[in-house]
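Trainee: Just run22.pdb, nothing more (PDB, C-alpha atoms):
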MODEL        1
ATOM      1  CA  MET F   1       7.425 -56.879  17.894
ATOM      2  CA  THR F   2       7.237 -55.794  21.524
ATOM      3  CA  GLU F   3       9.240 -53.586  23.843
ATOM      4  CA  THR F   4      11.192 -56.632  25.029
ATOM      5  CA  ALA F   5      12.563 -57.096  21.506
ATOM      6  CA  ILE F   6      14.752 -54.008  21.981
ATOM      7  CA  SER F   7      16.658 -55.708  24.805
ATOM      8  CA  SER F   8      18.150 -58.272  22.415
ATOM      9  CA  CYS F   9      19.692 -55.636  20.134
ATOM     10  CA  ARG F  10      23.465 -55.417  19.879
ATOM     11  CA  ALA F  11      23.595 -52.011  18.178
ATOM     12  CA  PHE F  12      21.663 -48.766  18.386
ATOM     13  CA  VAL F  13      21.535 -46.657  15.245
ATOM     14  CA  PHE F  14      20.305 -43.075  15.344
ATOM     15  CA  ASP F  15      18.900 -40.640  12.876
ATOM     16  CA  ALA F  16      20.620 -37.288  13.381
ATOM     17  CA  TYR F  17      18.338 -34.338  12.722
ATOM     18  CA  GLY F  18      15.406 -34.077  15.101
ATOM     19  CA  THR F  19      16.569 -37.186  16.971
ATOM     20  CA  LEU F  20      20.000 -36.242  18.309
ATOM     21  CA  PHE F  21      20.252 -32.659  17.060
ATOM     22  CA  ASP F  22      17.599 -30.002  17.586
ATOM     23  CA  VAL F  23      17.066 -28.507  14.119
ATOM     24  CA  GLY F  24      15.015 -25.731  15.696
ATOM     25  CA  SER F  25      18.130 -24.438  17.424
ATOM     26  CA  ALA F  26      19.319 -23.024  14.094
ATOM     27  CA  ILE F  27      16.450 -20.558  13.975
ATOM     28  CA  LYS F  28      16.600 -19.815  17.713
ATOM     29  CA  ARG F  29      20.137 -18.503  17.350
ATOM     30  CA  CYS F  30      18.953 -16.012  14.740
ATOM     31  CA  GLN F  31      15.645 -15.157  16.379
ATOM     32  CA  GLU F  32      16.402 -11.451  16.655
ATOM     33  CA  SER F  33      16.834 -11.156  12.883
ATOM     34  CA  LEU F  34      13.593 -12.973  12.062
ATOM     35  CA  GLY F  35      11.108 -11.753  14.650
ATOM     36  CA  ASP F  36       7.570 -13.008  14.062
ATOM     37  CA  GLU F  37       8.666 -14.931  10.951
ATOM     38  CA  ALA F  38      10.999 -17.250  12.871
ATOM     39  CA  GLU F  39       8.581 -20.108  13.479
ATOM     40  CA  LYS F  40       7.244 -20.016   9.929
ATOM     41  CA  LEU F  41      10.746 -20.097   8.463
ATOM     42  CA  SER F  42      11.814 -22.941  10.746
ATOM     43  CA  GLU F  43       8.852 -25.132   9.787
ATOM     44  CA  LEU F  44       9.083 -24.388   6.065
ATOM     45  CA  TRP F  45      12.859 -24.860   5.914
ATOM     46  CA  ARG F  46      12.638 -28.309   7.480
ATOM     47  CA  ARG F  47       9.696 -29.345   5.316
ATOM     48  CA  LYS F  48      11.363 -28.290   2.062
ATOM     49  CA  GLN F  49      14.632 -29.908   3.159
ATOM     50  CA  LEU F  50      12.867 -33.268   3.456
ATOM     51  CA  GLU F  51      10.788 -32.801   0.310
ATOM     52  CA  TYR F  52      13.836 -31.960  -1.793
ATOM     53  CA  SER F  53      15.721 -35.022  -0.563
ATOM     54  CA  TRP F  54      12.803 -37.316  -1.434
ATOM     55  CA  LEU F  55      12.153 -35.667  -4.793
ATOM     56  CA  ARG F  56      15.805 -35.854  -5.799
ATOM     57  CA  SER F  57      15.819 -39.556  -4.903
ATOM     58  CA  LEU F  58      12.745 -40.180  -7.050
ATOM     59  CA  MET F  59      14.197 -38.197  -9.952
ATOM     60  CA  GLY F  60      17.604 -39.873  -9.704
ATOM     61  CA  ASP F  61      19.075 -36.378  -9.342
ATOM     62  CA  PHE F  62      21.192 -36.692  -6.194
ATOM     63  CA  THR F  63      23.065 -33.844  -4.613
ATOM     64  CA  ASP F  64      24.441 -33.813  -1.086
ATOM     65  CA  PHE F  65      22.414 -32.722   1.926
ATOM     66  CA  TRP F  66      24.392 -29.517   2.410
ATOM     67  CA  THR F  67      23.225 -28.350  -1.007
ATOM     68  CA  VAL F  68      19.680 -29.566  -0.346
ATOM     69  CA  THR F  69      19.667 -27.685   2.957
ATOM     70  CA  GLY F  70      20.798 -24.495   1.226
ATOM     71  CA  ASP F  71      18.225 -24.861  -1.546
ATOM     72  CA  ALA F  72      15.480 -25.409   1.024
ATOM     73  CA  LEU F  73      16.581 -22.344   2.957
ATOM     74  CA  ASP F  74      16.652 -20.204  -0.187
ATOM     75  CA  TYR F  75      13.093 -21.251  -1.042
ATOM     76  CA  SER F  76      11.903 -20.632   2.517
ATOM     77  CA  MET F  77      13.492 -17.199   2.800
ATOM     78  CA  ALA F  78      11.960 -16.219  -0.537
ATOM     79  CA  ALA F  79       8.577 -17.462   0.673
ATOM     80  CA  ILE F  80       8.630 -15.076   3.637
ATOM     81  CA  GLY F  81      10.100 -12.246   1.579
ATOM     82  CA  LYS F  82      13.486 -12.257   3.297
ATOM     83  CA  ASN F  83      16.531 -11.358   1.178
ATOM     84  CA  ASP F  84      19.475 -11.278   3.545
ATOM     85  CA  PRO F  85      22.722 -13.016   2.459
ATOM     86  CA  VAL F  86      24.358 -12.480   5.856
ATOM     87  CA  LEU F  87      21.441 -14.106   7.676
ATOM     88  CA  ARG F  88      21.419 -16.928   5.144
ATOM     89  CA  SER F  89      25.096 -17.604   5.821
ATOM     90  CA  ARG F  90      24.540 -17.557   9.599
ATOM     91  CA  LEU F  91      21.663 -20.012   9.369
ATOM     92  CA  MET F  92      23.646 -22.442   7.229
ATOM     93  CA  GLU F  93      26.612 -22.311   9.598
ATOM     94  CA  THR F  94      24.390 -23.231  12.533
ATOM     95  CA  TYR F  95      23.806 -26.649  10.932
ATOM     96  CA  LEU F  96      27.461 -27.424  11.649
ATOM     97  CA  SER F  97      26.978 -26.942  15.399
ATOM     98  CA  LEU F  98      23.346 -27.695  16.218
ATOM     99  CA  ASP F  99      22.372 -28.197  19.845
ATOM    100  CA  THR F 100      21.669 -31.727  21.021
ATOM    101  CA  PHE F 101      18.503 -32.447  22.980
ATOM    102  CA  PRO F 102      19.146 -32.361  26.751
ATOM    103  CA  GLU F 103      19.092 -36.122  27.334
ATOM    104  CA  VAL F 104      21.163 -37.169  24.315
ATOM    105  CA  VAL F 105      24.707 -37.179  25.710
ATOM    106  CA  GLU F 106      23.881 -39.178  28.831
ATOM    107  CA  THR F 107      21.766 -41.668  26.870
ATOM    108  CA  LEU F 108      24.524 -42.339  24.363
ATOM    109  CA  GLN F 109      27.144 -42.630  27.095
ATOM    110  CA  THR F 110      25.029 -45.153  29.006
ATOM    111  CA  LEU F 111      24.446 -47.295  25.915
ATOM    112  CA  LYS F 112      28.148 -47.187  25.103
ATOM    113  CA  ASN F 113      29.144 -48.100  28.646
ATOM    114  CA  ASN F 114      26.790 -51.076  28.478
ATOM    115  CA  GLY F 115      28.696 -52.476  25.506
ATOM    116  CA  HIS F 116      26.402 -51.582  22.617
ATOM    117  CA  LYS F 117      27.616 -50.525  19.200
ATOM    118  CA  LEU F 118      26.428 -47.022  18.269
ATOM    119  CA  ALA F 119      26.068 -45.378  14.877
ATOM    120  CA  ILE F 120      24.508 -42.371  13.208
ATOM    121  CA  LEU F 121      22.616 -43.126  10.003
ATOM    122  CA  SER F 122      21.568 -39.886   8.389
ATOM    123  CA  ASN F 123      20.708 -38.173   5.139
ATOM    124  CA  GLY F 124      23.143 -35.469   6.235
ATOM    125  CA  ALA F 125      26.383 -34.905   4.352
ATOM    126  CA  ARG F 126      29.351 -36.425   6.154
ATOM    127  CA  HIS F 127      31.042 -33.123   6.954
ATOM    128  CA  MET F 128      27.788 -31.823   8.471
ATOM    129  CA  LEU F 129      27.438 -34.848  10.733
ATOM    130  CA  ILE F 130      31.077 -34.898  11.828
ATOM    131  CA  SER F 131      31.015 -31.190  12.605
ATOM    132  CA  ALA F 132      27.774 -31.301  14.608
ATOM    133  CA  ALA F 133      28.822 -34.412  16.541
ATOM    134  CA  LYS F 134      32.239 -32.958  17.326
ATOM    135  CA  SER F 135      30.738 -29.622  18.386
ATOM    136  CA  SER F 136      28.379 -31.339  20.833
ATOM    137  CA  GLY F 137      31.050 -33.694  22.214
ATOM    138  CA  ILE F 138      29.448 -36.961  21.084
ATOM    139  CA  LEU F 139      31.624 -37.897  18.103
ATOM    140  CA  SER F 140      33.840 -40.315  20.069
ATOM    141  CA  LEU F 141      30.810 -42.306  21.249
ATOM    142  CA  PHE F 142      29.993 -43.639  17.775
ATOM    143  CA  ASP F 143      31.459 -46.660  16.056
ATOM    144  CA  GLU F 144      30.201 -45.411  12.677
ATOM    145  CA  ILE F 145      29.015 -42.130  11.167
ATOM    146  CA  LEU F 146      27.046 -43.242   8.119
ATOM    147  CA  CYS F 147      25.730 -40.906   5.440
ATOM    148  CA  VAL F 148      24.086 -41.460   2.077
ATOM    149  CA  ASP F 149      26.673 -39.765  -0.136
ATOM    150  CA  GLU F 150      28.219 -42.994  -1.439
ATOM    151  CA  LEU F 151      24.775 -44.441  -2.233
ATOM    152  CA  ARG F 152      23.533 -41.263  -3.937
ATOM    153  CA  THR F 153      20.016 -41.690  -2.662
ATOM    154  CA  TYR F 154      18.203 -40.733   0.524
ATOM    155  CA  LYS F 155      16.253 -42.483   3.244
ATOM    156  CA  PRO F 156      13.824 -44.145   3.275
ATOM    157  CA  HIS F 157      15.350 -46.165   0.404
ATOM    158  CA  PRO F 158      16.146 -49.690   1.731
ATOM    159  CA  SER F 159      19.763 -49.464   0.548
ATOM    160  CA  VAL F 160      20.451 -46.811   3.178
ATOM    161  CA  TYR F 161      19.368 -49.034   6.068
ATOM    162  CA  LYS F 162      21.215 -51.982   4.522
ATOM    163  CA  MET F 163      24.404 -49.926   4.592
ATOM    164  CA  ALA F 164      24.141 -49.698   8.379
ATOM    165  CA  ALA F 165      23.675 -53.438   8.795
ATOM    166  CA  ASP F 166      26.612 -54.110   6.458
ATOM    167  CA  LYS F 167      28.964 -51.629   8.152
ATOM    168  CA  LEU F 168      28.103 -52.907  11.637
ATOM    169  CA  GLU F 169      28.292 -56.528  10.428
ATOM    170  CA  LEU F 170      25.006 -57.397  12.090
ATOM    171  CA  ASP F 171      21.705 -58.844  11.021
ATOM    172  CA  ALA F 172      18.926 -56.274  10.715
ATOM    173  CA  SER F 173      17.074 -57.914  13.603
ATOM    174  CA  GLU F 174      20.034 -57.187  15.910
ATOM    175  CA  ILE F 175      19.767 -53.434  15.349
ATOM    176  CA  SER F 176      17.464 -50.956  17.050
ATOM    177  CA  PHE F 177      16.876 -47.816  14.987
ATOM    178  CA  GLN F 178      15.850 -44.562  16.684
ATOM    179  CA  SER F 179      14.325 -41.644  14.798
ATOM    180  CA  SER F 180      12.024 -38.721  15.480
ATOM    181  CA  ASN F 181      10.573 -39.062  11.972
ATOM    182  CA  GLY F 182       7.637 -41.418  11.467
ATOM    183  CA  TRP F 183       8.464 -41.912   7.776
ATOM    184  CA  ASP F 184      12.038 -42.895   8.729
ATOM    185  CA  ILE F 185      10.736 -45.397  11.269
ATOM    186  CA  ALA F 186       8.515 -46.909   8.576
ATOM    187  CA  GLY F 187      11.482 -47.261   6.228
ATOM    188  CA  ALA F 188      13.681 -48.836   8.887
ATOM    189  CA  GLY F 189      10.928 -51.230   9.980
ATOM    190  CA  HIS F 190      10.278 -52.216   6.386
ATOM    191  CA  PHE F 191      13.957 -53.115   6.060
ATOM    192  CA  GLY F 192      13.882 -55.242   9.201
ATOM    193  CA  PHE F 193      15.267 -53.094  12.006
ATOM    194  CA  LYS F 194      13.614 -52.953  15.385
ATOM    195  CA  THR F 195      12.436 -49.394  15.776
ATOM    196  CA  ALA F 196      11.896 -46.766  18.444
ATOM    197  CA  TRP F 197      10.044 -43.646  17.377
ATOM    198  CA  ILE F 198      11.138 -40.632  19.440
ATOM    199  CA  ASN F 199       7.864 -38.781  19.064
ATOM    200  CA  ARG F 200       8.832 -35.508  20.744
ATOM    201  CA  ALA F 201       5.916 -33.582  19.233
ATOM    202  CA  ALA F 202       3.244 -36.195  20.086
ATOM    203  CA  LEU F 203       2.298 -36.562  16.432
ATOM    204  CA  PRO F 204      -0.207 -39.133  15.131
ATOM    205  CA  VAL F 205       1.097 -42.405  13.726
ATOM    206  CA  GLU F 206       1.946 -42.341  10.021
ATOM    207  CA  ARG F 207      -0.372 -44.410   7.817
ATOM    208  CA  LEU F 208       2.415 -46.511   6.316
ATOM    209  CA  SER F 209       3.059 -50.240   6.193
ATOM    210  CA  HIS F 210       5.376 -50.441   9.215
ATOM    211  CA  ARG F 211       4.872 -48.893  12.624
ATOM    212  CA  ALA F 212       7.325 -48.426  15.467
ATOM    213  CA  ASP F 213       7.954 -51.236  17.917
ATOM    214  CA  VAL F 214       7.952 -48.611  20.652
ATOM    215  CA  ILE F 215       6.911 -44.958  20.788
ATOM    216  CA  LEU F 216       8.832 -42.762  23.215
ATOM    217  CA  ALA F 217       8.663 -39.081  24.144
ATOM    218  CA  ARG F 218      12.407 -38.740  24.821
ATOM    219  CA  LEU F 219      15.517 -40.598  23.772
ATOM    220  CA  ASP F 220      16.457 -41.652  27.312
ATOM    221  CA  GLU F 221      13.240 -43.660  27.572
ATOM    222  CA  ILE F 222      15.014 -46.293  25.465
ATOM    223  CA  LEU F 223      17.374 -47.166  28.332
ATOM    224  CA  PRO F 224      15.010 -49.321  30.445
ATOM    225  CA  LEU F 225      14.120 -51.277  27.305
ATOM    226  CA  THR F 226      17.742 -52.293  26.741
ATOM    227  CA  ILE F 227      17.840 -54.322  29.945
ATOM    228  CA  LYS F 228      17.424 -58.009  29.227
ATOM    229  CA  PRO F 229      14.631 -59.597  31.271
ATOM    230  CA  GLN F 230      15.764 -61.964  34.010
ATOM    231  CA  THR F 231      15.017 -65.637  33.455
ATOM    232  CA  ALA F 232      13.673 -67.719  36.306
TER     233      ALA F 232
ENDMDL
END
What is this structure when it is put down as structure tokens?
Mentor:
Amino acid sequence: MTETAISSCRAFVFDAYGTLFDVGSAIKRCQESLGDEAEKLSELWRRKQLEYSWLRSLMGDFTDFWTVTGDALDYSMAAIGKNDPVLRSRLMETYLSLDTFPEVVETLQTLKNNGHKLAILSNGARHMLISAAKSSGILSLFDEILCVDELRTYKPHPSVYKMAADKLELDASEISFQSSNGWDIAGAGHFGFKTAWINRAALPVERLSHRADVILARLDEILPLTIKPQTA
């Protein structure tokens, strides 16, 4: 695959957390209550959130992402020796209104105006995704908000990516999938999507079987790639 392959896509499907929504904004809003422990809690909370989703998939022990997020937070707060039910409640509530990254709204609006189908495909529980998208003013831009609850397993299981293709009624090759997570990009590429890795943190490439078609630093860098090349 090459960058030009993105231009033939009819739909753009987005991971939510870390791609559209800044998960770090949850901790930033409670910075004064955490002090020097803020960064450690933020990193550990996100890591355990992902680990618990994968482990529950492997064990066949599904529970929704809201519960997983709470369990991950409880572990992380215990790890830093923080026992504060009020703070815990505040942190969980922030997941319902996370900040978007600065370029997200304009990027989505441009893609929509250019006639592309748009969807969120996330491990997040549906009420979490709807709330965050509504809070940030982007809900109306999406044709589909797709979550894993009905499948009872998490990405990167192939059935999750298949759900997006089925709901959008498109072949996998007609869909460009954007995520900030290298493991998610590998799963989407394995399924057959064209992929754009939004590598905000300039991380190394994951050593998995599928790599991104394009690697971008920001979501809006996808826009020039959606323009079909002119034929002579």
Trainee: Pick the closest to F:Ala164 from F:Ser122, F:Asn181, F:Ser53, F:Asn83: which is it, counting only C-alpha atoms?
Mentor: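 Among the listed residues, F:Ser122 lies closest to F:Ala164.
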Trainee: Check the smallest atom-to-atom distance from each of F:Asp143, F:Asp15, F:Glu37, F:Asp184 to F:Ser76 using only C-alpha atoms, then report the winner.
Mentor: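 When distances to F:Ser76 are compared using only C-alpha atoms, the smallest one comes from F:Glu37.
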Trainee: For the structure provided, state which residues fall under the PyMOL selection byres ((chain F and resi 192) around 9), and present them as a count of residues only.
Mentor: 13
Trainee: May I have the residues within 8 Å of F:Asn199 as a PyMOL selection string, using only C-alpha atoms and disregarding those fewer than 5 positions away in the same chain?
Mentor: chain F and resi 180-181+215-218
Trainee: Select, from F:Gly182, F:Ala79, F:Glu144, F:Glu103, the residue with the minimum atom-to-atom distance to F:Ala165, counting all atoms listed in the file.
Mentor: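 Looking at the shortest contact to F:Ala165, the residue is F:Glu144.
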Trainee: One number please: atom CA of F:Gly70 to atom CA of F:Asp149, in Å, one decimal.
Mentor: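 Atom CA of F:Asp149 lies at a distance of 16.4 Å from atom CA of F:Gly70.
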Trainee: Report the residues retrieved by the PyMOL selection byres ((chain F and resi 133) around 12) from the displayed file, expressed as a count of residues only.
Mentor: 34
Trainee: I'd like the neighbourhood of stretch 59-63 of chain F as a PyMOL selection string, where a residue qualifies if any of its atoms comes within 6 Å (using all atoms listed in the file), though same-chain residues fewer than 2 positions away should be ignored.
Mentor: chain F and resi 56-57+152
